[in-house]
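Note: the block below is model-v4.tsv and it holds TSV, C-alpha atoms.
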```
chain	number	residue	atom	x	y	z
A	245	VAL	CA	190.62	-12.55	-13.79
A	246	GLN	CA	187.75	-10.94	-15.62
A	247	LEU	CA	187.25	-8.01	-17.95
A	248	GLN	CA	183.49	-7.70	-18.12
A	249	ALA	CA	182.16	-5.55	-20.93
A	250	SER	CA	178.69	-4.11	-21.13
A	251	GLY	CA	176.82	-1.93	-23.58
A	252	GLY	CA	177.30	-2.07	-27.30
A	253	GLY	CA	174.67	-3.32	-29.70
A	254	LEU	CA	173.11	-1.63	-32.70
A	255	ALA	CA	173.17	2.05	-33.63
A	256	GLN	CA	172.42	4.12	-36.69
A	257	ALA	CA	175.09	6.08	-38.49
A	258	GLY	CA	175.55	9.41	-36.77
A	259	GLY	CA	174.29	8.03	-33.48
A	260	SER	CA	175.99	7.25	-30.21
A	261	LEU	CA	176.72	4.23	-28.05
A	262	THR	CA	178.62	3.74	-24.82
A	263	ILE	CA	180.47	0.59	-23.85
A	264	SER	CA	181.91	-0.06	-20.43
A	265	CYS	CA	184.37	-2.52	-18.96
A	266	ALA	CA	185.03	-3.56	-15.37
A	267	ALA	CA	188.27	-5.33	-14.51
A	268	SER	CA	188.37	-7.67	-11.54
A	269	GLY	CA	190.66	-10.29	-10.11
A	270	ILE	CA	193.82	-8.82	-11.67
A	271	PRO	CA	196.57	-9.20	-9.06
A	272	TYR	CA	198.75	-6.31	-10.22
A	273	ARG	CA	198.25	-2.58	-10.66
A	274	ILE	CA	196.57	-1.76	-13.96
A	275	TRP	CA	198.39	0.92	-15.94
A	276	ASN	CA	196.74	0.93	-19.36
A	277	LEU	CA	193.02	0.28	-19.72
A	278	GLY	CA	190.98	0.63	-22.85
A	279	TRP	CA	189.69	-0.82	-26.07
A	280	TYR	CA	190.74	-2.49	-29.27
A	281	ARG	CA	188.41	-3.55	-32.05
A	282	GLN	CA	188.36	-6.11	-34.80
A	283	ALA	CA	186.13	-5.90	-37.83
A	284	SER	CA	185.31	-8.98	-39.84
A	285	GLY	CA	188.26	-9.99	-41.99
A	286	LYS	CA	190.54	-7.32	-40.54
A	287	GLN	CA	193.29	-7.15	-37.95
A	288	ARG	CA	192.65	-6.01	-34.42
A	289	GLU	CA	193.32	-2.29	-34.05
A	290	LEU	CA	193.66	0.21	-31.26
A	291	VAL	CA	190.61	2.28	-30.43
A	292	ALA	CA	191.78	4.07	-27.28
A	293	LEU	CA	193.88	3.47	-24.20
A	294	ILE	CA	193.95	5.58	-21.06
A	295	ASN	CA	196.69	5.15	-18.48
A	296	ARG	CA	196.45	5.58	-14.76
A	297	ALA	CA	197.68	9.18	-15.05
A	298	GLY	CA	194.94	10.00	-17.54
A	299	ASP	CA	197.06	10.10	-20.69
A	300	ILE	CA	195.23	8.82	-23.75
A	301	GLN	CA	196.36	7.03	-26.89
A	302	TRP	CA	193.87	7.16	-29.75
A	303	GLY	CA	193.39	5.02	-32.78
A	304	ASP	CA	193.68	6.97	-36.01
A	305	SER	CA	190.07	6.64	-37.06
A	306	VAL	CA	188.22	7.58	-33.88
A	307	GLN	CA	189.95	10.59	-32.37
A	308	GLY	CA	187.58	13.51	-32.16
A	309	ARG	CA	184.48	11.30	-32.22
A	310	PHE	CA	185.00	9.00	-29.24
A	311	ARG	CA	185.61	9.82	-25.61
A	312	ILE	CA	187.29	7.53	-23.06
A	313	SER	CA	187.16	7.84	-19.30
A	314	ARG	CA	188.37	5.75	-16.40
A	315	ASP	CA	187.77	5.23	-12.69
A	316	ASN	CA	191.03	4.04	-11.14
A	317	ALA	CA	189.42	3.11	-7.84
A	318	LYS	CA	186.86	0.85	-9.51
A	319	ASN	CA	189.08	-0.37	-12.37
A	320	THR	CA	186.43	0.58	-14.88
A	321	VAL	CA	186.68	2.25	-18.27
A	322	ASN	CA	183.97	3.77	-20.45
A	323	LEU	CA	184.07	4.46	-24.16
A	324	GLU	CA	181.53	6.98	-25.41
A	325	MET	CA	181.21	6.60	-29.17
A	326	ASN	CA	179.69	9.52	-31.05
A	327	SER	CA	179.11	10.30	-34.72
A	328	LEU	CA	179.21	6.59	-35.40
A	329	LYS	CA	179.99	5.34	-38.90
A	330	PRO	CA	179.29	1.96	-40.50
A	331	GLU	CA	183.05	1.37	-40.51
A	332	ASP	CA	182.98	1.45	-36.70
A	333	THR	CA	181.19	-1.90	-36.86
A	334	ALA	CA	183.40	-4.42	-35.08
A	335	VAL	CA	183.84	-6.54	-32.01
A	336	TYR	CA	185.26	-4.29	-29.32
A	337	PHE	CA	187.67	-5.87	-26.86
A	338	CYS	CA	188.43	-4.50	-23.43
A	339	TYR	CA	192.16	-4.53	-22.66
A	340	ALA	CA	194.21	-4.07	-19.52
A	341	GLN	CA	197.97	-3.90	-19.07
A	342	THR	CA	199.60	-4.08	-15.68
A	343	VAL	CA	202.82	-2.65	-14.26
A	344	GLY	CA	205.28	-4.16	-11.84
A	345	VAL	CA	204.60	-7.48	-13.41
A	346	VAL	CA	203.82	-6.56	-17.00
A	347	ALA	CA	200.92	-8.59	-18.32
A	348	ASP	CA	198.14	-8.16	-20.86
A	349	TYR	CA	194.52	-9.09	-20.23
A	350	TRP	CA	191.68	-9.24	-22.74
A	351	GLY	CA	187.93	-9.32	-22.39
A	352	GLN	CA	185.74	-11.54	-24.56
A	353	GLY	CA	184.51	-8.74	-26.78
A	354	THR	CA	181.25	-6.94	-27.34
A	355	GLN	CA	179.66	-6.42	-30.75
A	356	VAL	CA	178.99	-2.93	-32.03
A	357	THR	CA	177.04	-2.66	-35.27
A	358	VAL	CA	176.40	0.63	-37.04
A	359	SER	CA	173.80	0.67	-39.78
A	360	SER	CA	173.85	3.17	-42.63
```

Could I get this file's structure written as structure tokens?
Amino acid sequence: VQLQASGGGLAQAGGSLTISCAASGIPYRIWNLGWYRQASGKQRELVALINRAGDIQWGDSVQGRFRISRDNAKNTVNLEMNSLKPEDTAVYFCYAQTVGVVADYWGQGTQVTVSS
């Protein structure tokens, strides 16, 4: 089982970054796919989840600035982050939740740093 993230890195405030995640080896159908983040010294929080039907759950601090999209056939998810703020600095974790057999899967995380 692997949730392989790519993208991320360093951006300036007001800029944009895109991170992507590809899920592989998961034996059940993925329902929710998306991202959580954890800033230093803080709890992990929801960024955005998109289900197989295309419904989206947003974290409170990113709606309107970020865009999430998904390819069900490829089990991939993209997070386009716009109007970035220094408070968006965190490790972003790819997340998948399956149906049938309900299970949660986490990627290793990718660092996003926004400079002011």

Exercise for review: Pick out the residues sitting within 7 Å of range 328-342 of chain A, and hand them over as JSON, numbers by chain; count only C-alpha atoms, and ignore anything fewer than 3 positions along from it in its own chain.
Suggested key: {"A": [247, 249, 257, 258, 259, 260, 265, 272, 273, 274, 275, 276, 277, 278, 279, 280, 281, 282, 283, 284, 325, 345, 346, 347, 348, 349, 350, 351, 352, 353, 354, 355, 356, 357, 358, 359, 360]}

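Taking CA of Lys286 in chain A and CA of Gln246 in chain A as endpoints, the distance between them is 25.3 Å.
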
For a quick check of your reading of the model, name the residues lying within 6 Å of the coordinate (181.5, -0.9, -21.9), counting all atoms listed in the file, and write them as a PDB file with C-alpha atoms, in the coordinates of the input.
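What landed in point-v5.pdb:
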```pdb
ATOM      1  CA  ALA A 249     182.160  -5.550 -20.930  1.00  0.00           C
ATOM      2  CA  SER A 250     178.690  -4.110 -21.130  1.00  0.00           C
ATOM      3  CA  GLY A 251     176.820  -1.930 -23.580  1.00  0.00           C
ATOM      4  CA  ILE A 263     180.470   0.590 -23.850  1.00  0.00           C
ATOM      5  CA  SER A 264     181.910  -0.060 -20.430  1.00  0.00           C
ATOM      6  CA  CYS A 265     184.370  -2.520 -18.960  1.00  0.00           C
ATOM      7  CA  ASN A 322     183.970   3.770 -20.450  1.00  0.00           C
TER       8      ASN A 322
END
```

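In this structure, CA of Gly253 in chain A sits 16.9 Å away from CA of Val291 in chain A.
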
Practice item. For a cut-off of 10 Å around (192.1, 4.1, -33.4), file coordinates, pick out all residues using all atoms listed in the file and list them as number ranges by chain. Key: A: 279-281, 289-293, 301-307, 310

Would you mind exporting C-alpha atoms of the selected residues as an mmCIF file, in the frame of the given file?
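Result went into out27.cif, see below:
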```
data_model
loop_
_atom_site.group_PDB
_atom_site.id
_atom_site.type_symbol
_atom_site.label_atom_id
_atom_site.label_comp_id
_atom_site.auth_asym_id
_atom_site.auth_seq_id
_atom_site.Cartn_x
_atom_site.Cartn_y
_atom_site.Cartn_z
ATOM 1 C CA TRP A 279 189.690 -0.820 -26.070
ATOM 2 C CA TYR A 280 190.740 -2.490 -29.270
ATOM 3 C CA ARG A 281 188.410 -3.550 -32.050
ATOM 4 C CA GLU A 289 193.320 -2.290 -34.050
ATOM 5 C CA LEU A 290 193.660 0.210 -31.260
ATOM 6 C CA VAL A 291 190.610 2.280 -30.430
ATOM 7 C CA ALA A 292 191.780 4.070 -27.280
ATOM 8 C CA LEU A 293 193.880 3.470 -24.200
ATOM 9 C CA GLN A 301 196.360 7.030 -26.890
ATOM 10 C CA TRP A 302 193.870 7.160 -29.750
ATOM 11 C CA GLY A 303 193.390 5.020 -32.780
ATOM 12 C CA ASP A 304 193.680 6.970 -36.010
ATOM 13 C CA SER A 305 190.070 6.640 -37.060
ATOM 14 C CA VAL A 306 188.220 7.580 -33.880
ATOM 15 C CA GLN A 307 189.950 10.590 -32.370
ATOM 16 C CA PHE A 310 185.000 9.000 -29.240
#
```

**Study point:** CA of Ser268 in chain A to CA of Asn319 in chain A, straight-line distance in Å
**Key:** 7.4 Å

Let me know the centre plus edge lengths, in Å and rounded to one decimal, of a box with edges along x, y and z that contains all listed atoms of range 328-347 of chain A and is padded by 4 Å on every side, as JSON.
```
{"center_x": 192.2, "center_y": -1.0, "center_z": -26.2, "size_x": 34.1, "size_y": 23.2, "size_z": 36.7}
```

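Minimum atom-to-atom distance to Ser313 in chain A, evaluated using only C-alpha atoms, belongs to A:Asn295 out of A:Gln248, A:Gln287, A:Asn326, A:Asn295.
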
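Each of A:Asp315, A:Gly285, A:Glu324, A:Ile300 was compared to Ala267 in chain A using all atoms listed in the file, and A:Asp315 turns out to be the nearest.
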
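Each of A:Ile270, A:Ile294, A:Asp299, A:Leu254 was checked against Ile312 in chain A using only C-alpha atoms; the smallest atom-to-atom distance is that of A:Ile294.
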
Assuming the input is short of atoms at range 308-324 of chain A, produce N, CA, C and O atoms for that part as a CSV table (one decimal), in the frame of the given file.
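Here's the written file result.csv:
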```
chain,number,residue,atom,x,y,z
A,308,GLY,N,188.5,12.4,-31.9
A,308,GLY,CA,187.6,13.5,-32.2
A,308,GLY,C,186.1,13.1,-32.2
A,308,GLY,O,185.2,13.9,-32.0
A,309,ARG,N,185.9,11.8,-32.2
A,309,ARG,CA,184.5,11.3,-32.2
A,309,ARG,C,184.2,10.5,-31.0
A,309,ARG,O,183.0,10.5,-30.5
A,310,PHE,N,185.2,9.8,-30.4
A,310,PHE,CA,185.0,9.0,-29.2
A,310,PHE,C,185.6,9.7,-28.0
A,310,PHE,O,186.5,10.5,-28.1
A,311,ARG,N,185.1,9.3,-26.9
A,311,ARG,CA,185.6,9.8,-25.6
A,311,ARG,C,185.8,8.6,-24.7
A,311,ARG,O,185.0,7.8,-24.5
A,312,ILE,N,187.0,8.6,-24.0
A,312,ILE,CA,187.3,7.5,-23.1
A,312,ILE,C,187.5,8.1,-21.7
A,312,ILE,O,188.1,9.2,-21.5
A,313,SER,N,187.0,7.4,-20.7
A,313,SER,CA,187.2,7.8,-19.3
A,313,SER,C,187.4,6.6,-18.4
A,313,SER,O,187.0,5.5,-18.8
A,314,ARG,N,187.9,6.9,-17.3
A,314,ARG,CA,188.4,5.8,-16.4
A,314,ARG,C,188.2,6.1,-14.9
A,314,ARG,O,188.3,7.3,-14.5
A,315,ASP,N,187.8,5.1,-14.1
A,315,ASP,CA,187.8,5.2,-12.7
A,315,ASP,C,188.8,4.3,-12.1
A,315,ASP,O,188.7,3.1,-12.1
A,316,ASN,N,189.9,4.9,-11.6
A,316,ASN,CA,191.0,4.0,-11.1
A,316,ASN,C,190.6,3.2,-9.9
A,316,ASN,O,191.1,2.1,-9.7
A,317,ALA,N,189.8,3.8,-9.1
A,317,ALA,CA,189.4,3.1,-7.8
A,317,ALA,C,188.6,1.9,-8.1
A,317,ALA,O,188.7,0.9,-7.4
A,318,LYS,N,187.8,2.0,-9.2
A,318,LYS,CA,186.9,0.8,-9.5
A,318,LYS,C,187.4,0.0,-10.6
A,318,LYS,O,186.8,-1.0,-11.0
A,319,ASN,N,188.5,0.4,-11.2
A,319,ASN,CA,189.1,-0.4,-12.4
A,319,ASN,C,188.0,-0.5,-13.5
A,319,ASN,O,187.8,-1.6,-14.0
A,320,THR,N,187.4,0.6,-13.8
A,320,THR,CA,186.4,0.6,-14.9
A,320,THR,C,186.8,1.6,-15.9
A,320,THR,O,187.5,2.6,-15.7
A,321,VAL,N,186.4,1.3,-17.2
A,321,VAL,CA,186.7,2.2,-18.3
A,321,VAL,C,185.4,2.3,-19.1
A,321,VAL,O,184.7,1.3,-19.4
A,322,ASN,N,185.1,3.5,-19.6
A,322,ASN,CA,184.0,3.8,-20.4
A,322,ASN,C,184.4,4.3,-21.8
A,322,ASN,O,185.4,5.2,-21.8
A,323,LEU,N,183.8,3.9,-22.8
A,323,LEU,CA,184.1,4.5,-24.2
A,323,LEU,C,182.8,5.0,-24.7
A,323,LEU,O,181.8,4.2,-25.0
A,324,GLU,N,182.7,6.3,-24.8
A,324,GLU,CA,181.5,7.0,-25.4
A,324,GLU,C,181.8,7.2,-26.9
A,324,GLU,O,182.8,7.9,-27.3
```
